[in-house]
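Asks: query25.cif is the file, holding mmCIF, C-alpha atoms and all ligand atoms:
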```
data_target
loop_
_atom_site.label_atom_id
_atom_site.label_comp_id
_atom_site.auth_asym_id
_atom_site.auth_seq_id
_atom_site.Cartn_x
_atom_site.Cartn_y
_atom_site.Cartn_z
CA MET X 2 0.00 0.00 0.00
CA PHE X 3 1.14 3.52 -0.72
CA PHE X 4 -0.18 6.79 0.74
CA ARG X 5 0.84 9.78 -1.32
CA ASP X 6 0.97 13.36 -0.06
CA VAL X 7 -0.83 12.73 3.24
CA ASN X 8 -0.93 14.96 6.33
CA LEU X 9 1.03 13.36 9.17
CA ASP X 10 1.23 15.65 12.21
CA GLY X 11 1.16 18.71 9.99
CA ARG X 12 3.83 17.44 7.58
CA ARG X 13 3.09 16.41 3.98
CA VAL X 14 4.59 12.98 3.46
CA ASP X 15 4.53 9.82 1.39
CA LEU X 16 4.17 6.57 3.34
CA ARG X 17 4.71 3.02 2.12
CA VAL X 18 3.57 -0.14 3.90
CA ASP X 19 5.82 -3.18 3.49
CA GLY X 20 4.19 -6.34 4.83
CA ASP X 21 3.06 -5.63 8.37
CA LEU X 22 5.43 -2.70 8.87
CA ILE X 23 5.71 0.90 7.79
CA GLY X 24 8.49 0.56 5.23
CA ALA X 25 9.23 4.19 4.55
CA ILE X 26 8.02 7.70 5.34
CA GLY X 27 9.51 10.71 3.65
CA GLU X 28 8.92 14.02 1.97
CA VAL X 29 6.44 13.96 -0.91
CA GLY X 30 8.14 12.46 -3.96
CA SER X 31 10.96 10.86 -1.97
CA VAL X 32 9.40 7.42 -1.34
CA ASP X 33 9.18 4.78 -4.07
CA GLY X 34 5.62 3.55 -4.39
CA ARG X 35 5.66 2.43 -8.03
CA GLY X 36 3.13 -0.27 -8.85
CA LEU X 37 1.43 -0.15 -5.45
CA PRO X 38 -2.26 0.60 -4.82
CA ALA X 39 -2.25 4.20 -3.64
CA LEU X 40 -4.38 6.74 -1.80
CA GLN X 41 -3.77 10.43 -2.32
CA GLY X 42 -4.18 13.25 0.22
CA GLY X 43 -6.09 13.05 3.48
CA MET X 44 -4.57 12.53 6.88
CA ILE X 45 -3.00 9.67 8.82
CA THR X 46 -3.10 9.26 12.61
CA ALA X 47 -2.62 6.44 15.07
CA PRO X 48 -5.83 4.62 16.05
CA THR X 49 -7.78 6.45 18.73
CA ALA X 50 -8.24 5.26 22.33
CA GLU X 51 -11.24 5.66 24.64
CA PRO X 52 -10.14 6.35 28.24
CA HIS X 53 -13.58 6.62 29.86
CA VAL X 54 -16.89 4.96 29.02
CA HIS X 55 -19.55 2.96 30.89
CA LEU X 56 -20.32 -0.07 28.75
CA ASP X 57 -22.39 -1.72 31.50
CA ALA X 58 -25.01 1.04 31.24
CA ALA X 59 -24.71 1.73 27.51
CA LEU X 60 -27.96 1.72 25.50
CA LEU X 61 -30.07 1.60 28.68
CA GLY X 62 -31.15 5.24 28.33
CA VAL X 63 -34.14 4.17 26.28
CA ARG X 64 -35.36 1.87 29.07
CA ALA X 65 -35.11 4.59 31.72
CA PRO X 66 -35.12 8.11 30.30
CA ASN X 67 -33.60 10.77 32.55
CA HIS X 68 -36.37 13.36 32.81
CA SER X 69 -34.59 15.88 35.04
CA GLY X 70 -31.30 15.61 33.17
CA THR X 71 -29.39 15.39 36.44
CA LEU X 72 -26.56 13.14 37.52
CA ARG X 73 -28.57 12.10 40.57
CA GLU X 74 -31.58 10.94 38.56
CA GLY X 75 -29.18 9.05 36.31
CA ILE X 76 -27.71 7.24 39.30
CA ARG X 77 -31.24 6.49 40.62
CA ASN X 78 -32.43 5.17 37.24
CA TRP X 79 -29.36 2.98 36.87
CA ALA X 80 -29.77 1.61 40.39
CA ALA X 81 -33.37 0.64 39.56
CA LEU X 82 -32.34 -1.15 36.34
CA ARG X 83 -29.18 -2.92 37.29
CA ASP X 84 -30.56 -5.63 39.56
CA GLY X 85 -32.60 -6.99 36.65
CA LEU X 86 -29.67 -7.16 34.23
CA THR X 87 -28.55 -10.50 32.86
CA ARG X 88 -25.09 -11.51 31.68
CA GLN X 89 -26.33 -11.83 28.10
CA ASP X 90 -27.96 -8.40 28.13
CA VAL X 91 -24.75 -6.74 29.36
CA LEU X 92 -22.66 -8.64 26.81
CA ASP X 93 -25.00 -7.80 23.92
CA ARG X 94 -25.12 -4.09 24.66
CA ALA X 95 -21.39 -3.82 25.34
CA ARG X 96 -20.53 -5.74 22.15
CA THR X 97 -22.78 -3.48 20.11
CA VAL X 98 -21.07 -0.36 21.39
CA VAL X 99 -17.58 -1.86 21.02
CA GLY X 100 -18.57 -2.44 17.38
CA TRP X 101 -19.44 1.25 17.05
CA TYR X 102 -16.06 2.19 18.50
CA ARG X 103 -14.28 -0.10 16.05
CA ARG X 104 -16.00 1.53 13.12
CA HIS X 105 -14.49 4.82 14.31
CA GLY X 106 -10.99 3.37 14.60
CA THR X 107 -10.96 2.94 18.39
CA LEU X 108 -9.50 -0.38 19.48
CA ARG X 109 -8.49 0.48 23.03
CA ILE X 110 -11.39 1.06 25.40
CA ARG X 111 -11.33 1.63 29.15
CA THR X 112 -14.76 0.92 30.58
CA HIS X 113 -15.97 1.50 34.10
CA VAL X 114 -18.26 -1.11 35.61
CA ASP X 115 -20.50 -0.59 38.61
CA THR X 116 -19.24 -2.90 41.34
CA GLY X 117 -22.75 -2.90 42.80
CA CYS X 118 -23.71 -5.13 39.87
CA PRO X 119 -21.61 -8.31 39.99
CA VAL X 120 -23.39 -9.64 36.89
CA ALA X 121 -22.03 -6.70 34.90
CA VAL X 122 -18.55 -7.01 36.43
CA HIS X 123 -18.27 -10.65 35.37
CA ALA X 124 -19.82 -10.01 31.96
CA LEU X 125 -17.34 -7.24 31.11
CA LEU X 126 -14.38 -9.25 32.39
CA GLU X 127 -15.59 -12.09 30.17
CA LEU X 128 -15.88 -9.70 27.24
CA ARG X 129 -12.33 -8.43 27.87
CA GLU X 130 -11.03 -11.97 27.41
CA ALA X 131 -13.25 -12.70 24.42
CA LEU X 132 -12.04 -9.57 22.62
CA ALA X 133 -8.34 -10.03 23.42
CA GLY X 134 -6.26 -9.64 20.30
CA GLU X 135 -9.01 -7.63 18.61
CA VAL X 136 -9.86 -4.87 21.07
CA GLU X 137 -7.93 -4.00 24.22
CA LEU X 138 -10.58 -3.60 26.88
CA GLN X 139 -9.69 -2.38 30.37
CA VAL X 140 -12.23 -2.66 33.16
CA VAL X 141 -12.32 -0.23 36.10
CA ALA X 142 -13.97 -1.39 39.33
CA PHE X 143 -16.20 1.64 39.80
CA PRO X 144 -18.36 1.86 42.94
CA GLN X 145 -21.18 3.95 41.48
CA GLU X 146 -22.82 4.50 44.87
CA GLY X 147 -19.60 5.01 46.80
CA ILE X 148 -17.96 2.61 49.21
CA LEU X 149 -18.76 4.13 52.60
CA ARG X 150 -22.38 5.19 52.24
CA ARG X 151 -23.80 1.91 53.51
CA PRO X 152 -22.66 -1.57 54.49
CA GLY X 153 -21.89 -3.94 51.62
CA LEU X 154 -20.71 -1.43 49.06
CA ARG X 155 -17.06 -1.71 50.00
CA GLU X 156 -17.14 -5.51 49.93
CA GLY X 157 -18.62 -5.60 46.41
CA TRP X 158 -15.96 -3.16 45.23
CA GLU X 159 -13.13 -5.18 46.77
CA ASP X 160 -14.53 -8.39 45.27
CA ALA X 161 -14.57 -6.83 41.78
CA VAL X 162 -10.91 -5.86 42.08
CA ALA X 163 -10.03 -9.33 43.38
CA CYS X 164 -11.83 -10.83 40.34
CA GLY X 165 -9.36 -9.17 37.99
CA CYS X 166 -10.45 -5.63 37.12
CA ASP X 167 -7.58 -3.61 35.66
CA ALA X 168 -8.02 -0.50 37.78
CA VAL X 169 -9.60 0.59 41.05
CA GLY X 170 -12.24 3.31 40.84
CA ALA X 171 -13.89 5.53 43.43
CA ILE X 172 -16.38 8.39 43.55
CA PRO X 173 -15.23 10.55 46.48
CA HIS X 174 -17.57 13.51 45.87
CA PHE X 175 -20.55 11.15 46.18
CA GLU X 176 -19.59 9.80 49.60
CA ARG X 177 -21.57 11.20 52.56
CA THR X 178 -19.02 13.67 53.88
CA THR X 179 -15.91 15.43 52.68
CA GLU X 180 -13.87 13.39 55.11
CA GLU X 181 -15.34 10.08 53.90
CA GLY X 182 -14.63 11.20 50.35
CA TRP X 183 -10.96 11.65 51.16
CA GLN X 184 -10.99 8.33 53.01
CA SER X 185 -12.41 6.63 49.90
CA VAL X 186 -9.53 8.03 47.85
CA ARG X 187 -7.00 6.55 50.26
CA LEU X 188 -8.83 3.22 50.39
CA ALA X 189 -8.73 3.08 46.57
CA TYR X 190 -4.97 3.57 46.60
CA ASP X 191 -4.62 0.95 49.34
CA LEU X 192 -6.57 -1.56 47.27
CA ALA X 193 -4.59 -0.72 44.14
CA GLU X 194 -1.35 -1.24 46.04
CA LYS X 195 -2.57 -4.58 47.37
CA TYR X 196 -3.44 -5.93 43.92
CA ARG X 197 -0.88 -3.88 41.93
CA LYS X 198 -3.57 -2.13 39.90
CA LYS X 199 -4.00 1.33 38.42
CA VAL X 200 -6.48 3.83 39.84
CA ASP X 201 -9.15 5.77 37.98
CA PHE X 202 -11.38 8.12 39.94
CA HIS X 203 -14.66 9.76 39.15
CA CYS X 204 -13.41 12.92 40.77
CA ASP X 205 -15.37 16.02 41.75
CA GLU X 206 -18.10 15.56 39.14
CA THR X 207 -20.12 18.43 40.56
CA ASP X 208 -20.38 22.20 40.30
CA ASP X 209 -19.64 22.50 44.01
CA PRO X 210 -16.41 24.49 44.43
CA GLY X 211 -16.15 22.94 47.89
CA SER X 212 -15.60 19.49 46.37
CA ARG X 213 -11.86 19.18 46.81
CA ASN X 214 -10.84 15.61 46.18
CA LEU X 215 -8.53 16.20 43.22
CA GLU X 216 -5.83 17.67 45.46
CA VAL X 217 -5.98 14.54 47.64
CA VAL X 218 -5.81 12.27 44.56
CA CYS X 219 -2.69 14.15 43.43
CA ALA X 220 -0.99 14.30 46.83
CA GLU X 221 -1.50 10.57 47.37
CA ALA X 222 -0.20 9.84 43.84
CA ILE X 223 2.98 11.73 44.71
CA ASP X 224 3.44 10.23 48.17
CA ARG X 225 2.80 6.67 46.98
CA GLY X 226 4.79 6.96 43.75
CA PHE X 227 1.78 6.24 41.52
CA GLY X 228 2.69 8.90 38.93
CA GLY X 229 1.41 7.93 35.52
CA ARG X 230 -0.93 5.18 36.78
CA VAL X 231 -3.66 7.56 37.95
CA VAL X 232 -6.59 8.99 36.03
CA ALA X 233 -8.98 11.55 37.49
CA GLY X 234 -12.13 11.71 35.38
CA HIS X 235 -14.54 14.63 35.05
CA CYS X 236 -13.00 17.08 37.60
CA THR X 237 -15.78 19.53 36.83
CA ALA X 238 -15.58 21.26 40.22
CA LEU X 239 -12.24 22.62 39.01
CA HIS X 240 -14.31 24.71 36.59
CA SER X 241 -15.97 26.39 39.58
CA TYR X 242 -13.02 26.70 41.98
CA PRO X 243 -11.86 30.21 42.88
CA ASN X 244 -9.08 31.08 40.44
CA PRO X 245 -6.16 31.11 42.93
CA TYR X 246 -7.14 27.66 44.22
CA ALA X 247 -7.67 26.35 40.67
CA ALA X 248 -4.15 27.50 39.76
CA LYS X 249 -2.72 25.62 42.73
CA VAL X 250 -4.63 22.45 41.83
CA CYS X 251 -3.61 22.57 38.15
CA GLU X 252 0.04 22.80 39.21
CA LEU X 253 -0.43 19.91 41.58
CA VAL X 254 -2.02 17.80 38.84
CA ALA X 255 0.96 18.48 36.57
CA THR X 256 3.51 17.72 39.31
CA SER X 257 1.77 14.49 40.29
CA GLY X 258 1.52 13.04 36.77
CA VAL X 259 -2.19 12.39 37.29
CA GLN X 260 -4.07 12.46 33.98
CA VAL X 261 -7.34 14.39 33.94
CA VAL X 262 -9.95 12.99 31.56
CA ALA X 263 -12.60 15.48 30.45
CA ASN X 264 -16.00 14.10 29.49
CA PRO X 265 -17.62 17.08 27.79
CA LEU X 266 -20.68 15.36 26.29
CA ASP X 267 -22.08 14.30 29.63
CA ASN X 268 -20.85 17.17 31.71
CA VAL X 269 -22.18 19.95 29.56
CA VAL X 270 -25.68 18.55 30.12
CA LEU X 271 -25.31 17.13 33.65
CA GLN X 272 -23.60 20.13 35.24
CA GLY X 273 -25.15 23.54 35.73
CA ARG X 274 -28.49 21.94 36.63
CA TYR X 275 -28.67 23.78 39.94
CA ASP X 276 -27.79 27.11 38.31
CA ALA X 277 -30.27 29.81 37.44
CA TYR X 278 -29.06 31.91 34.51
CA PRO X 279 -26.18 32.28 33.85
CA LYS X 280 -25.55 28.51 33.77
CA ARG X 281 -22.02 27.18 34.07
CA ARG X 282 -20.62 24.88 31.40
CA GLY X 283 -19.30 22.43 33.94
CA VAL X 284 -16.37 21.10 31.93
CA THR X 285 -12.95 20.96 33.56
CA ARG X 286 -10.32 23.63 32.85
CA VAL X 287 -8.50 22.02 29.93
CA ASP X 288 -6.65 25.17 28.88
CA ALA X 289 -5.36 25.83 32.39
CA LEU X 290 -4.30 22.19 32.81
CA TRP X 291 -2.40 22.33 29.52
CA ALA X 292 -0.76 25.60 30.54
CA ALA X 293 0.37 24.01 33.80
CA GLY X 294 1.89 21.10 31.87
CA ALA X 295 -0.68 18.51 32.93
CA THR X 296 -1.82 15.57 30.79
CA VAL X 297 -5.43 15.61 29.62
CA GLY X 298 -7.56 12.95 27.95
CA ILE X 299 -11.01 13.13 26.36
CA GLY X 300 -13.69 10.52 27.04
CA HIS X 301 -17.09 9.84 25.49
CA ASP X 302 -18.34 8.60 28.89
CA SER X 303 -21.89 7.64 27.95
CA VAL X 304 -23.58 6.09 24.95
CA ILE X 305 -27.36 6.35 25.30
CA ASP X 306 -27.36 5.55 29.01
CA PRO X 307 -29.25 6.75 32.10
CA TRP X 308 -27.04 9.86 32.23
CA TYR X 309 -26.88 10.90 28.60
CA PRO X 310 -29.56 10.15 25.99
CA LEU X 311 -27.36 10.58 22.90
CA GLY X 312 -23.99 9.27 21.74
CA THR X 313 -22.41 7.44 18.83
CA ALA X 314 -19.11 6.13 20.29
CA ASN X 315 -17.38 8.55 17.93
CA LEU X 316 -14.66 10.27 19.98
CA LEU X 317 -14.69 13.11 17.48
CA ASP X 318 -18.11 14.03 18.90
CA ALA X 319 -16.58 14.43 22.36
CA ALA X 320 -13.70 16.44 20.92
CA TYR X 321 -16.13 18.60 18.96
CA MET X 322 -18.12 19.36 22.10
CA LEU X 323 -14.94 20.15 24.01
CA VAL X 324 -13.62 22.70 21.55
CA HIS X 325 -16.96 24.50 21.81
CA VAL X 326 -17.60 24.56 25.53
CA ALA X 327 -13.96 25.03 26.55
CA HIS X 328 -13.29 27.82 24.01
CA LEU X 329 -10.55 25.78 22.32
CA THR X 330 -11.22 26.97 18.78
CA SER X 331 -7.83 28.41 17.78
CA THR X 332 -6.06 26.38 15.08
CA ASP X 333 -3.45 25.16 17.56
CA GLU X 334 -6.03 24.25 20.20
CA MET X 335 -8.22 22.29 17.78
CA GLY X 336 -5.12 20.49 16.55
CA ARG X 337 -4.18 19.57 20.09
CA VAL X 338 -7.69 18.36 20.94
CA PHE X 339 -7.72 16.19 17.82
CA ARG X 340 -4.26 14.75 18.55
CA THR X 341 -5.33 13.93 22.11
CA LEU X 342 -7.60 11.15 20.77
CA SER X 343 -4.68 9.27 19.20
CA GLU X 344 -1.96 10.33 21.66
CA GLU X 345 -2.75 11.18 25.33
CA ASN X 346 -5.88 9.01 25.26
CA HIS X 347 -3.57 5.99 24.98
CA LEU X 348 -1.68 6.77 28.19
CA PRO X 349 -4.06 4.84 30.50
CA PHE X 350 -3.14 1.76 28.42
CA GLY X 351 0.59 2.37 28.73
CA ASP X 352 2.19 3.40 25.50
CA VAL X 353 1.33 5.90 22.76
CA PRO X 354 1.51 4.25 19.30
CA ARG X 355 4.11 5.70 16.97
CA ILE X 356 3.88 6.17 13.24
CA ALA X 357 7.42 5.82 11.97
CA ALA X 358 9.42 3.68 9.56
CA GLY X 359 10.04 0.26 11.06
CA GLU X 360 6.97 0.41 13.34
CA LYS X 361 3.91 -1.84 12.91
CA ALA X 362 1.72 -0.52 10.11
CA THR X 363 -1.28 0.32 12.27
CA PHE X 364 -2.99 3.62 11.59
CA LEU X 365 -6.11 5.41 10.39
CA TRP X 366 -6.54 7.26 7.12
CA TYR X 367 -9.05 10.10 7.12
CA ALA X 368 -10.31 11.72 3.96
CA ALA X 369 -10.25 15.02 5.91
CA ALA X 370 -7.26 17.15 5.03
CA ASP X 371 -6.45 18.28 8.58
CA PRO X 372 -7.67 18.15 12.21
CA ILE X 373 -10.05 21.07 11.75
CA GLU X 374 -11.85 19.38 8.85
CA ALA X 375 -11.93 16.12 10.79
CA LEU X 376 -13.56 17.88 13.77
CA ARG X 377 -15.95 19.77 11.51
CA THR X 378 -17.23 16.70 9.67
CA ARG X 379 -16.61 14.05 12.36
CA GLU X 380 -16.57 11.46 9.57
CA GLN X 381 -15.16 8.10 10.52
CA PRO X 382 -11.76 7.18 9.08
CA ARG X 383 -12.19 5.63 5.62
CA VAL X 384 -9.31 3.19 5.98
CA TYR X 385 -8.01 1.33 9.00
CA VAL X 386 -4.66 -0.37 8.53
CA ARG X 387 -3.75 -2.86 11.21
CA GLY X 388 -0.48 -4.76 11.06
CA GLY X 389 -0.41 -4.08 7.33
CA GLN X 390 -3.97 -5.33 6.71
CA ILE X 391 -6.82 -3.08 5.68
FE FE2 X 401 -18.10 8.39 34.02
#
```
Please express what this file holds, its structure, as structure tokens.
Replies:
Amino acid sequence: MFFRDVNLDGRRVDLRVDGDLIGAIGEVGSVDGRGLPALQGGMITAPTAEPHVHLDAALLGVRAPNHSGTLREGIRNWAALRDGLTRQDVLDRARTVVGWYRRHGTLRIRTHVDTGCPVAVHALLELREALAGEVELQVVAFPQEGILRRPGLREGWEDAVACGCDAVGAIPHFERTTEEGWQSVRLAYDLAEKYRKKVDFHCDETDDPGSRNLEVVCAEAIDRGFGGRVVAGHCTALHSYPNPYAAKVCELVATSGVQVVANPLDNVVLQGRYDAYPKRRGVTRVDALWAAGATVGIGHDSVIDPWYPLGTANLLDAAYMLVHVAHLTSTDEMGRVFRTLSEENHLPFGDVPRIAAGEKATFLWYAAADPIEALRTREQPRVYVRGGQI
């Protein structure tokens, strides 16, 4: 295969695939592609990665519509549905959505699973094994209702981690008190240390500027040497913190190596629900985190679930929402948001795939000429090359 005059990270290049490897990349006209089937123009990126979605609840939004549009009603609706779920139902819905992701060139997916629903935990762990080699699925043991709010929650959460989840989750802002929230953060790290797992928090998903768990997540990451193995999802309270405190927290995030994952599709509709006009946007401070040198990811979070009634599993939709609500519409900012999907979004899985001569020929080809056109149209990649195979 030969790709002529394509956009690769802003450079115009020719790229030739030899067997399962990228044989050559060079300036336009410098790579020999005679006799090979060729595509002209467009853009090449690494496959995209999804750092934050809830496959256990996906597609359930139609069974329990969220009338108030609030996070709390979403949690209530999910709690009412989950006890009736069967293994097959979870598998069917999750497989459907994984298929949607694949169509958009996303083959690494980190899903949260509610540890209050053992059926879903086992179903998604089973799916992880069934998809191995095709899709890299990571499962986060996520205690949707907290771990300290009532007896039994903590045990279910610990069981899920013991069963083989890849990361330990927590939801500190949803615990009963500030102190119990901080305690839940420390318990999550303890459990991750015990089983040598990563941690991935639902952190401060509220408009309450008094919700201050992110600083604890970061301080513990530093003290325990967890560095790049920590994700803090949502972090919407950061949007509403007083500016001097927000600046301190952004610096702390950068120092700690904690990755913040923004979930703009859900948060732009779930947050601000207690506001009269003007209504806050409720998406974390991506520009300030970047300026501080922190690592940011972008998640889709929900696909037609009790929290969010829409969704396509196209990460470009999440990126598109983010550039709007976070005022990231300069050329450089849109480029960085687009690159996040195929670069920083891979960090929870370990490595960021490289497109270079000698590497495995695994990449996406978009008909769009550049990141701005890709965000504008949100068309799926036309060609997916994996290990040299289309
Ligand atoms: Fe989430």
Asks: With all atoms listed in the file as the basis for distance, which of X:Gly147, X:Gly182, X:Pro349, X:Pro52 is at the shortest distance from ligand FE2 401 (chain X)?
Replies: X:Pro52
Asks: List the neighbours of range 340-347 of chain X out to 9 Å using only C-alpha atoms; skip same-chain residues closer than 3 positions along the sequence, and give me the result as an MDAnalysis selection string.
Replies: chainID X and resid 10 46:52 107 109 260 262 296:300 316:317 320 335:337 350:355 372
Asks: So the first atom is CA of Thr237 in chain X and the second is CA of Gln139 in chain X; what is the distance between them in Å, to one decimal place?
Replies: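 Separation of CA of Thr237 in chain X and CA of Gln139 in chain X: 23.6 Å.
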Asks: Could you name the residues that touch range 15-18 of chain X at 8 Å or less, counting all atoms listed in the file, but leaving out those on the same chain fewer than 4 positions away, as a tab-separated table (two decimals) with C-alpha atoms, in the frame of the given file?
Replies:
```
chain	number	residue	atom	x	y	z
X	2	MET	CA	0.00	0.00	0.00
X	3	PHE	CA	1.14	3.52	-0.72
X	4	PHE	CA	-0.18	6.79	0.74
X	5	ARG	CA	0.84	9.78	-1.32
X	6	ASP	CA	0.97	13.36	-0.06
X	7	VAL	CA	-0.83	12.73	3.24
X	22	LEU	CA	5.43	-2.70	8.87
X	23	ILE	CA	5.71	0.90	7.79
X	24	GLY	CA	8.49	0.56	5.23
X	25	ALA	CA	9.23	4.19	4.55
X	26	ILE	CA	8.02	7.70	5.34
X	27	GLY	CA	9.51	10.71	3.65
X	28	GLU	CA	8.92	14.02	1.97
X	29	VAL	CA	6.44	13.96	-0.91
X	30	GLY	CA	8.14	12.46	-3.96
X	31	SER	CA	10.96	10.86	-1.97
X	32	VAL	CA	9.40	7.42	-1.34
X	33	ASP	CA	9.18	4.78	-4.07
X	34	GLY	CA	5.62	3.55	-4.39
X	362	ALA	CA	1.72	-0.52	10.11
X	389	GLY	CA	-0.41	-4.08	7.33
```
Asks: Which residues are near ligand FE2 401 (chain X) - at most 12 Å, using all atoms listed in the file? Format: as a compact mmCIF listing (two decimals) with C-alpha atoms, in the coordinates of the input.
Replies:
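Here's the written file result.txt:
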```
# COMPACT_ATOMS: atom_id res chain seq x y z
CA GLU X 51 -11.24 5.66 24.64
CA PRO X 52 -10.14 6.35 28.24
CA HIS X 53 -13.58 6.62 29.86
CA VAL X 54 -16.89 4.96 29.02
CA HIS X 55 -19.55 2.96 30.89
CA LEU X 56 -20.32 -0.07 28.75
CA ASP X 57 -22.39 -1.72 31.50
CA ALA X 58 -25.01 1.04 31.24
CA ALA X 59 -24.71 1.73 27.51
CA LEU X 72 -26.56 13.14 37.52
CA GLY X 75 -29.18 9.05 36.31
CA ILE X 76 -27.71 7.24 39.30
CA ARG X 111 -11.33 1.63 29.15
CA THR X 112 -14.76 0.92 30.58
CA HIS X 113 -15.97 1.50 34.10
CA VAL X 114 -18.26 -1.11 35.61
CA ASP X 115 -20.50 -0.59 38.61
CA VAL X 141 -12.32 -0.23 36.10
CA ALA X 142 -13.97 -1.39 39.33
CA PHE X 143 -16.20 1.64 39.80
CA PRO X 144 -18.36 1.86 42.94
CA GLN X 145 -21.18 3.95 41.48
CA GLY X 170 -12.24 3.31 40.84
CA ALA X 171 -13.89 5.53 43.43
CA ILE X 172 -16.38 8.39 43.55
CA ASP X 201 -9.15 5.77 37.98
CA PHE X 202 -11.38 8.12 39.94
CA HIS X 203 -14.66 9.76 39.15
CA CYS X 204 -13.41 12.92 40.77
CA ASP X 205 -15.37 16.02 41.75
CA GLU X 206 -18.10 15.56 39.14
CA VAL X 232 -6.59 8.99 36.03
CA ALA X 233 -8.98 11.55 37.49
CA GLY X 234 -12.13 11.71 35.38
CA HIS X 235 -14.54 14.63 35.05
CA CYS X 236 -13.00 17.08 37.60
CA THR X 237 -15.78 19.53 36.83
CA VAL X 262 -9.95 12.99 31.56
CA ALA X 263 -12.60 15.48 30.45
CA ASN X 264 -16.00 14.10 29.49
CA PRO X 265 -17.62 17.08 27.79
CA LEU X 266 -20.68 15.36 26.29
CA ASP X 267 -22.08 14.30 29.63
CA ASN X 268 -20.85 17.17 31.71
CA LEU X 271 -25.31 17.13 33.65
CA ILE X 299 -11.01 13.13 26.36
CA GLY X 300 -13.69 10.52 27.04
CA HIS X 301 -17.09 9.84 25.49
CA ASP X 302 -18.34 8.60 28.89
CA SER X 303 -21.89 7.64 27.95
CA VAL X 304 -23.58 6.09 24.95
CA ASP X 306 -27.36 5.55 29.01
CA PRO X 307 -29.25 6.75 32.10
CA TRP X 308 -27.04 9.86 32.23
CA TYR X 309 -26.88 10.90 28.60
```
Asks: Identify which of the residues X:His240, X:Arg83, X:Arg77, X:Arg230 lies closest to Thr116 in chain X, counting only C-alpha atoms when measuring atom-to-atom distances.
Replies: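 Closest residue, counting only C-alpha atoms: X:Arg83.
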Asks: Determine, counting only C-alpha atoms, which protein, DNA and RNA residues have an atom within 9 Å of an atom of Val269 in chain X; residues of the same chain fewer than 4 positions away are not included. Present the result as a PyMOL selection string.
Replies: chain X and resi 264-265+273+281-284+322+326
Asks: Find the residue from X:Gly43, X:Pro310, X:Pro382, X:Pro38 that sits nearest to Gly11 in chain X; use all atoms listed in the file when measuring.
Replies: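 Distance minimum relative to Gly11 in chain X lands on X:Gly43.
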Asks: When you draw a straight line from CA of Val384 in chain X to CA of Trp366 in chain X, how long is it in Å?
Replies: 5.1 Å
Asks: Can you pull out every residue within 12 Å of Ile148 in chain X, counting all atoms listed in the file, but drop anything in the same chain fewer than 4 positions away, and send it as an NGL selection string?
Replies: :X and (115-117 or 142-144 or 152-159 or 169-177 or 181-189)
Asks: Compile the contact shell of Ile223 in chain X as a PyMOL selection string: residues with an atom at most 9 Å away, counting all atoms listed in the file, same-chain residues fewer than 5 positions apart removed.
Replies: chain X and resi 218+228+256-258
